[in-house]
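So this block is work-v6.cif, mmCIF, C-alpha atoms:
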data_run
#
loop_
_atom_site.group_PDB
_atom_site.id
_atom_site.type_symbol
_atom_site.label_atom_id
_atom_site.label_comp_id
_atom_site.auth_asym_id
_atom_site.auth_seq_id
_atom_site.Cartn_x
_atom_site.Cartn_y
_atom_site.Cartn_z
ATOM 1 C CA MET A 61 2.692 51.821 19.057
ATOM 2 C CA LYS A 62 4.826 48.804 18.138
ATOM 3 C CA LEU A 63 7.219 47.121 20.564
ATOM 4 C CA ASN A 64 9.753 44.358 20.107
ATOM 5 C CA GLY A 65 11.778 42.746 22.868
ATOM 6 C CA LYS A 66 13.162 39.679 24.573
ATOM 7 C CA ALA A 67 10.763 37.795 26.841
ATOM 8 C CA HIS A 68 11.404 37.285 30.548
ATOM 9 C CA LYS A 69 8.771 34.700 31.469
ATOM 10 C CA TYR A 70 7.277 34.019 34.894
ATOM 11 C CA GLY A 71 4.342 31.975 36.169
ATOM 12 C CA ASP A 72 1.004 32.631 37.810
ATOM 13 C CA ASN A 73 0.313 34.925 40.773
ATOM 14 C CA VAL A 74 3.419 37.092 40.529
ATOM 15 C CA ASP A 75 2.554 39.524 43.292
ATOM 16 C CA THR A 76 3.699 43.061 43.949
ATOM 17 C CA ASP A 77 5.982 41.865 46.772
ATOM 18 C CA VAL A 78 7.856 39.731 44.257
ATOM 19 C CA ILE A 79 7.973 42.506 41.663
ATOM 20 C CA ILE A 80 9.446 44.928 44.221
ATOM 21 C CA PRO A 81 10.055 43.476 47.692
ATOM 22 C CA ALA A 82 8.539 45.446 50.565
ATOM 23 C CA ARG A 83 11.972 46.002 52.118
ATOM 24 C CA TYR A 84 12.702 48.500 49.314
ATOM 25 C CA LEU A 85 9.526 50.555 49.663
ATOM 26 C CA ASN A 86 11.263 53.271 51.648
ATOM 27 C CA THR A 87 11.773 55.039 48.306
ATOM 28 C CA SER A 88 9.720 55.740 45.220
ATOM 29 C CA ASN A 89 12.812 56.713 43.209
ATOM 30 C CA PRO A 90 12.623 54.721 39.937
ATOM 31 C CA ASP A 91 16.427 54.461 39.708
ATOM 32 C CA GLU A 92 16.528 52.768 43.118
ATOM 33 C CA LEU A 93 13.498 50.550 42.505
ATOM 34 C CA LYS A 94 14.782 49.166 39.192
ATOM 35 C CA ILE A 95 17.857 47.712 40.913
ATOM 36 C CA HIS A 96 15.616 45.426 42.960
ATOM 37 C CA CYS A 97 12.894 44.677 40.409
ATOM 38 C CA MET A 98 11.962 40.971 40.392
ATOM 39 C CA GLU A 99 14.946 40.052 42.603
ATOM 40 C CA ASP A 100 13.023 37.656 44.857
ATOM 41 C CA ILE A 101 11.817 35.590 41.883
ATOM 42 C CA ASP A 102 14.790 36.190 39.544
ATOM 43 C CA ALA A 103 17.932 37.426 41.306
ATOM 44 C CA ASP A 104 19.622 38.127 37.947
ATOM 45 C CA PHE A 105 16.772 40.156 36.417
ATOM 46 C CA ALA A 106 18.279 43.631 36.934
ATOM 47 C CA GLY A 107 21.518 42.532 35.293
ATOM 48 C CA LYS A 108 19.989 40.816 32.277
ATOM 49 C CA VAL A 109 17.041 43.020 31.362
ATOM 50 C CA HIS A 110 17.569 45.449 28.492
ATOM 51 C CA ASP A 111 15.592 48.437 27.310
ATOM 52 C CA GLY A 112 12.629 47.232 25.298
ATOM 53 C CA ASP A 113 12.405 43.766 26.866
ATOM 54 C CA ILE A 114 9.013 42.312 27.732
ATOM 55 C CA ILE A 115 7.871 40.592 30.914
ATOM 56 C CA VAL A 116 5.524 37.668 30.312
ATOM 57 C CA GLY A 117 3.387 36.384 33.161
ATOM 58 C CA GLY A 118 0.661 33.871 33.815
ATOM 59 C CA ARG A 119 -2.627 34.479 35.557
ATOM 60 C CA ASN A 120 -3.206 37.234 38.107
ATOM 61 C CA PHE A 121 0.028 39.130 37.430
ATOM 62 C CA GLY A 122 0.484 42.000 39.881
ATOM 63 C CA CYS A 123 -1.769 40.651 42.615
ATOM 64 C CA GLY A 124 -1.210 41.776 46.192
ATOM 65 C CA SER A 125 -0.973 45.332 47.385
ATOM 66 C CA SER A 126 -2.106 48.379 45.455
ATOM 67 C CA ARG A 127 1.269 50.117 45.503
ATOM 68 C CA GLU A 128 2.416 51.890 42.357
ATOM 69 C CA HIS A 129 6.016 50.921 43.160
ATOM 70 C CA ALA A 130 5.618 47.624 41.262
ATOM 71 C CA PRO A 131 4.836 49.016 37.804
ATOM 72 C CA ILE A 132 7.274 51.884 38.411
ATOM 73 C CA ALA A 133 10.072 49.359 39.085
ATOM 74 C CA ILE A 134 9.184 47.394 35.949
ATOM 75 C CA LYS A 135 9.075 50.482 33.731
ATOM 76 C CA ALA A 136 12.282 51.917 35.221
ATOM 77 C CA SER A 137 14.103 48.646 34.528
ATOM 78 C CA GLY A 138 13.584 49.254 30.808
ATOM 79 C CA VAL A 139 10.727 46.820 30.245
ATOM 80 C CA SER A 140 8.553 48.119 27.413
ATOM 81 C CA CYS A 141 5.477 45.991 28.064
ATOM 82 C CA VAL A 142 4.010 43.234 30.224
ATOM 83 C CA VAL A 143 2.028 40.451 28.560
ATOM 84 C CA ALA A 144 0.097 38.106 30.853
ATOM 85 C CA LYS A 145 -2.841 35.723 30.887
ATOM 86 C CA SER A 146 -4.580 38.107 33.300
ATOM 87 C CA PHE A 147 -3.763 40.995 35.629
ATOM 88 C CA ALA A 148 -4.893 42.030 39.067
ATOM 89 C CA ARG A 149 -7.196 44.962 38.359
ATOM 90 C CA ILE A 150 -5.407 47.496 40.580
ATOM 91 C CA PHE A 151 -2.053 46.593 38.987
ATOM 92 C CA TYR A 152 -3.603 47.022 35.538
ATOM 93 C CA ARG A 153 -4.778 50.534 36.345
ATOM 94 C CA ASN A 154 -1.554 51.504 38.136
ATOM 95 C CA ALA A 155 0.450 50.362 35.106
ATOM 96 C CA ILE A 156 -1.630 52.476 32.735
ATOM 97 C CA ASN A 157 -1.458 55.430 35.146
ATOM 98 C CA ILE A 158 2.369 55.413 35.067
ATOM 99 C CA GLY A 159 2.535 54.778 31.309
ATOM 100 C CA LEU A 160 3.490 51.075 31.301
ATOM 101 C CA PRO A 161 1.649 49.231 28.512
ATOM 102 C CA ILE A 162 0.212 45.872 29.528
ATOM 103 C CA VAL A 163 -1.877 43.383 27.590
ATOM 104 C CA GLU A 164 -3.748 40.166 28.289
ATOM 105 C CA SER A 165 -3.312 37.248 25.891
ATOM 106 C CA PRO A 166 -3.506 33.719 27.329
ATOM 107 C CA LEU A 167 -2.801 32.094 23.947
ATOM 108 C CA ALA A 168 0.311 34.188 23.320
ATOM 109 C CA VAL A 169 1.601 33.517 26.849
ATOM 110 C CA ASP A 170 1.247 29.765 26.255
ATOM 111 C CA GLU A 171 3.372 30.110 23.090
ATOM 112 C CA ILE A 172 6.073 32.424 24.471
ATOM 113 C CA LYS A 173 9.165 30.884 26.030
ATOM 114 C CA ASP A 174 11.760 32.658 28.142
ATOM 115 C CA GLY A 175 14.200 34.399 25.787
ATOM 116 C CA ASP A 176 11.880 34.518 22.753
ATOM 117 C CA THR A 177 11.608 37.726 20.771
ATOM 118 C CA VAL A 178 8.092 39.085 21.107
ATOM 119 C CA GLY A 179 6.431 41.798 19.038
ATOM 120 C CA VAL A 180 3.431 43.750 20.297
ATOM 121 C CA ASP A 181 1.464 46.006 17.949
ATOM 122 C CA PHE A 182 -1.088 47.919 20.012
ATOM 123 C CA GLU A 183 -2.576 49.856 17.105
ATOM 124 C CA ASN A 184 -3.388 46.775 15.040
ATOM 125 C CA GLY A 185 -4.008 44.454 17.989
ATOM 126 C CA LYS A 186 -1.362 41.765 17.396
ATOM 127 C CA ILE A 187 1.288 39.879 19.339
ATOM 128 C CA THR A 188 3.845 37.968 17.279
ATOM 129 C CA VAL A 189 6.201 35.240 18.458
ATOM 130 C CA ASN A 190 7.829 32.285 16.690
ATOM 131 C CA ASP A 191 6.148 33.127 13.351
ATOM 132 C CA LYS A 192 2.728 33.019 15.040
ATOM 133 C CA SER A 193 0.358 35.898 15.494
ATOM 134 C CA PHE A 194 -2.229 36.416 18.225
ATOM 135 C CA ASP A 195 -5.056 38.943 18.224
ATOM 136 C CA ILE A 196 -5.333 41.346 21.137
ATOM 137 C CA ALA A 197 -7.790 44.124 21.817
ATOM 138 C CA PRO A 198 -6.257 47.429 20.756
ATOM 139 C CA PHE A 199 -6.071 50.049 23.484
ATOM 140 C CA PRO A 200 -8.774 52.695 23.342
ATOM 141 C CA LYS A 201 -7.481 56.049 22.067
ATOM 142 C CA ALA A 202 -7.599 57.593 25.570
ATOM 143 C CA ILE A 203 -5.330 54.885 26.991
ATOM 144 C CA GLN A 204 -3.000 55.144 23.986
ATOM 145 C CA GLU A 205 -2.663 58.857 24.715
ATOM 146 C CA ILE A 206 -1.896 58.221 28.407
ATOM 147 C CA ILE A 207 0.822 55.714 27.525
ATOM 148 C CA LYS A 208 2.252 57.915 24.761
ATOM 149 C CA ALA A 209 2.482 60.820 27.230
ATOM 150 C CA GLY A 210 4.306 58.653 29.773
ATOM 151 C CA GLY A 211 1.476 58.383 32.277
ATOM 152 C CA LEU A 212 -1.811 59.859 33.390
ATOM 153 C CA LEU A 213 -0.425 62.959 35.086
ATOM 154 C CA LYS A 214 1.800 63.788 32.133
ATOM 155 C CA SER A 215 -1.152 63.368 29.778
ATOM 156 C CA ILE A 216 -3.153 66.108 31.480
ATOM 157 C CA HIS A 217 -0.390 68.706 31.698
#

Translate the structure described by the file into structure tokens.
Amino acid sequence: MKLNGKAHKYGDNVDTDVIIPARYLNTSNPDELKIHCMEDIDADFAGKVHDGDIIVGGRNFGCGSSREHAPIAIKASGVSCVVAKSFARIFYRNAINIGLPIVESPLAVDEIKDGDTVGVDFENGKITVNDKSFDIAPFPKAIQEIIKAGGLLKSIH
């Protein structure tokens, strides 16, 4: 799987309440959640994100509560991938479970600037930005199949 998109870059400790504010958790409808994705950290996000774009975060991306609403909102907004220095473990698993590819690469995050075009090649384990390439661990086949299917539940049906 190869992805290419514009970077929307944020800092460290982007928590699930910033990704999708708690005041919108009265629904799990992806079309509703995407309207409010990232609005407390970037009020313009929903209007500027395009299908295929990539969120770039610092350390501990997705910390906070264990709700699946956060990765659902990100995926529904059209984001194809999240690249961060590190992820909260429950967010990492929730993202995989709903079919949102995420990858850790501190060196790539340091290179990426907001608005850069970023390429992610999961099969060959590479992130490219600004004519530089960074190695990443390729997803195991089982995780590739979950993401390809669109999530864990879809992969077992």

TODO: Kindly resolve the PyMOL selection byres ((chain A and resi 88) around 12) on the present coordinates and return the residues as a ChimeraX atom specification.
DONE: /A:80,82,84-87,89-94,127-133,136

If you keep C-alpha atoms, can you produce a file of those selected residues as a PDB file, in the coordinates of the input?
ATOM      1  CA  ILE A  80       9.446  44.928  44.221  1.00  0.00           C
ATOM      2  CA  ALA A  82       8.539  45.446  50.565  1.00  0.00           C
ATOM      3  CA  TYR A  84      12.702  48.500  49.314  1.00  0.00           C
ATOM      4  CA  LEU A  85       9.526  50.555  49.663  1.00  0.00           C
ATOM      5  CA  ASN A  86      11.263  53.271  51.648  1.00  0.00           C
ATOM      6  CA  THR A  87      11.773  55.039  48.306  1.00  0.00           C
ATOM      7  CA  ASN A  89      12.812  56.713  43.209  1.00  0.00           C
ATOM      8  CA  PRO A  90      12.623  54.721  39.937  1.00  0.00           C
ATOM      9  CA  ASP A  91      16.427  54.461  39.708  1.00  0.00           C
ATOM     10  CA  GLU A  92      16.528  52.768  43.118  1.00  0.00           C
ATOM     11  CA  LEU A  93      13.498  50.550  42.505  1.00  0.00           C
ATOM     12  CA  LYS A  94      14.782  49.166  39.192  1.00  0.00           C
ATOM     13  CA  ARG A 127       1.269  50.117  45.503  1.00  0.00           C
ATOM     14  CA  GLU A 128       2.416  51.890  42.357  1.00  0.00           C
ATOM     15  CA  HIS A 129       6.016  50.921  43.160  1.00  0.00           C
ATOM     16  CA  ALA A 130       5.618  47.624  41.262  1.00  0.00           C
ATOM     17  CA  PRO A 131       4.836  49.016  37.804  1.00  0.00           C
ATOM     18  CA  ILE A 132       7.274  51.884  38.411  1.00  0.00           C
ATOM     19  CA  ALA A 133      10.072  49.359  39.085  1.00  0.00           C
ATOM     20  CA  ALA A 136      12.282  51.917  35.221  1.00  0.00           C
TER      21      ALA A 136
END

Open item on the list: I'd like to see the residues matched by the PyMOL selection byres ((chain A and resi 146) around 8) on this file, and ideally I'd get them as number ranges by chain.
Closed with: A: 118-121, 144-145, 147-148, 164-166

Open item on the list: Ranking A:Phe182, A:Phe105, A:Phe199, A:Tyr70 by minimum distance to Gly138 of chain A and counting all atoms listed in the file, which one comes first?
Closed with: A:Phe105

- [ ] Return as a ChimeraX atom specification the set of residues that the PyMOL selection byres ((chain A and resi 76) around 7) yields on the displayed structure.
- [x] /A:74-75,77-80,122-125,130

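When atom CA of Glu171 of chain A is paired with atom CA of Lys135 of chain A, their separation reads 23.7 Å.
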
Task: Exercise: Thr188 of chain A partners within 7 Å, only C-alpha atoms, chain neighbours under 4 positions left out, as JSON, numbers by chain - done: {"A": [178, 179, 180, 192, 193, 194]}

Include C-alpha atoms and write out the residues we just selected as a short mmCIF file (atom, residue, chain, number, x, y, z; two decimals), in the frame of the given file.
data_model
loop_
_atom_site.label_atom_id
_atom_site.label_comp_id
_atom_site.auth_asym_id
_atom_site.auth_seq_id
_atom_site.Cartn_x
_atom_site.Cartn_y
_atom_site.Cartn_z
CA VAL A 178 8.09 39.08 21.11
CA GLY A 179 6.43 41.80 19.04
CA VAL A 180 3.43 43.75 20.30
CA LYS A 192 2.73 33.02 15.04
CA SER A 193 0.36 35.90 15.49
CA PHE A 194 -2.23 36.42 18.23
#

(-2.3, 58.8, 32.4) in this file's frame - what residues fall within 12 Å of it? Use only C-alpha atoms and give the answer as a compact mmCIF listing (two decimals) with C-alpha atoms, in the frame of the given file.
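Writing the result to point.txt gives the following:
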# COMPACT_ATOMS: atom_id res chain seq x y z
CA ARG A 153 -4.78 50.53 36.34
CA ASN A 154 -1.55 51.50 38.14
CA ALA A 155 0.45 50.36 35.11
CA ILE A 156 -1.63 52.48 32.74
CA ASN A 157 -1.46 55.43 35.15
CA ILE A 158 2.37 55.41 35.07
CA GLY A 159 2.54 54.78 31.31
CA LEU A 160 3.49 51.08 31.30
CA PRO A 161 1.65 49.23 28.51
CA LYS A 201 -7.48 56.05 22.07
CA ALA A 202 -7.60 57.59 25.57
CA ILE A 203 -5.33 54.88 26.99
CA GLN A 204 -3.00 55.14 23.99
CA GLU A 205 -2.66 58.86 24.72
CA ILE A 206 -1.90 58.22 28.41
CA ILE A 207 0.82 55.71 27.52
CA LYS A 208 2.25 57.92 24.76
CA ALA A 209 2.48 60.82 27.23
CA GLY A 210 4.31 58.65 29.77
CA GLY A 211 1.48 58.38 32.28
CA LEU A 212 -1.81 59.86 33.39
CA LEU A 213 -0.42 62.96 35.09
CA LYS A 214 1.80 63.79 32.13
CA SER A 215 -1.15 63.37 29.78
CA ILE A 216 -3.15 66.11 31.48
CA HIS A 217 -0.39 68.71 31.70

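Distance-wise, atom CA of Asp104 of chain A and atom CA of Ile150 of chain A end up 26.9 Å apart.
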
- [ ] Scan for residues within 9 Å of the point (13.6, 35.1, 25.5) in the coordinates of the file, using only C-alpha atoms, and reply as an MDAnalysis selection string.
- [x] chainID A and resid 65:69 113:114 172:178

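Note that atom CA of Ser140 of chain A and atom CA of Leu167 of chain A are 19.9 Å apart.
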
Kindly complete segment 166-177 of chain A to all heavy atoms; the output should be written as a compact mmCIF listing (two decimals), in the coordinates of the input.
# COMPACT_ATOMS: atom_id res chain seq x y z
N PRO A 166 -3.84 35.07 26.87
CA PRO A 166 -3.51 33.72 27.33
C PRO A 166 -2.86 32.85 26.25
O PRO A 166 -1.92 32.10 26.53
CB PRO A 166 -4.86 33.15 27.78
CG PRO A 166 -5.68 34.34 28.11
CD PRO A 166 -5.24 35.41 27.15
N LEU A 167 -3.35 32.93 25.02
CA LEU A 167 -2.80 32.09 23.95
C LEU A 167 -1.35 32.47 23.64
O LEU A 167 -0.50 31.59 23.45
CB LEU A 167 -3.66 32.19 22.69
CG LEU A 167 -5.08 31.63 22.81
CD1 LEU A 167 -5.87 31.90 21.55
CD2 LEU A 167 -5.04 30.14 23.12
N ALA A 168 -1.07 33.76 23.58
CA ALA A 168 0.31 34.19 23.32
C ALA A 168 1.23 33.76 24.46
O ALA A 168 2.34 33.28 24.21
CB ALA A 168 0.37 35.69 23.12
N VAL A 169 0.77 33.91 25.70
CA VAL A 169 1.60 33.52 26.85
C VAL A 169 1.93 32.03 26.77
O VAL A 169 3.07 31.63 27.06
CB VAL A 169 0.90 33.88 28.18
CG1 VAL A 169 1.62 33.23 29.37
CG2 VAL A 169 0.83 35.39 28.35
N ASP A 170 0.98 31.21 26.38
CA ASP A 170 1.25 29.76 26.26
C ASP A 170 2.31 29.48 25.20
O ASP A 170 3.08 28.52 25.33
CB ASP A 170 -0.03 29.01 25.91
CG ASP A 170 -0.97 28.88 27.10
OD1 ASP A 170 -0.53 29.06 28.26
OD2 ASP A 170 -2.17 28.59 26.87
N GLU A 171 2.39 30.30 24.17
CA GLU A 171 3.37 30.11 23.09
C GLU A 171 4.76 30.65 23.45
O GLU A 171 5.78 30.08 23.05
CB GLU A 171 2.87 30.81 21.82
CG GLU A 171 3.83 30.74 20.64
CD GLU A 171 4.00 29.35 20.06
OE1 GLU A 171 3.10 28.50 20.23
OE2 GLU A 171 5.04 29.10 19.42
N ILE A 172 4.81 31.73 24.19
CA ILE A 172 6.07 32.42 24.47
C ILE A 172 6.91 31.63 25.46
O ILE A 172 6.42 31.18 26.49
CB ILE A 172 5.81 33.84 25.03
CG1 ILE A 172 5.05 34.69 23.99
CG2 ILE A 172 7.12 34.52 25.43
CD1 ILE A 172 4.49 35.98 24.56
N LYS A 173 8.19 31.51 25.13
CA LYS A 173 9.16 30.88 26.03
C LYS A 173 10.16 31.95 26.47
O LYS A 173 10.38 32.93 25.77
CB LYS A 173 9.86 29.73 25.33
CG LYS A 173 8.90 28.60 25.02
CD LYS A 173 9.58 27.45 24.34
CE LYS A 173 8.60 26.36 23.96
NZ LYS A 173 7.31 26.76 23.48
N ASP A 174 10.75 31.73 27.63
CA ASP A 174 11.76 32.66 28.14
C ASP A 174 12.85 32.85 27.09
O ASP A 174 13.37 31.87 26.54
CB ASP A 174 12.36 32.11 29.44
CG ASP A 174 13.12 33.16 30.21
OD1 ASP A 174 12.54 34.20 30.52
OD2 ASP A 174 14.32 32.93 30.50
N GLY A 175 13.15 34.09 26.77
CA GLY A 175 14.20 34.40 25.79
C GLY A 175 13.70 34.63 24.38
O GLY A 175 14.45 35.12 23.53
N ASP A 176 12.44 34.27 24.08
CA ASP A 176 11.88 34.52 22.75
C ASP A 176 11.82 36.02 22.47
O ASP A 176 11.68 36.84 23.38
CB ASP A 176 10.46 33.97 22.65
CG ASP A 176 10.38 32.47 22.43
OD1 ASP A 176 11.44 31.85 22.17
OD2 ASP A 176 9.27 31.92 22.55
N THR A 177 11.86 36.36 21.18
CA THR A 177 11.61 37.73 20.77
C THR A 177 10.11 37.86 20.52
O THR A 177 9.52 37.07 19.79
CB THR A 177 12.40 38.08 19.50
OG1 THR A 177 13.79 37.97 19.79
CG2 THR A 177 12.10 39.50 19.04
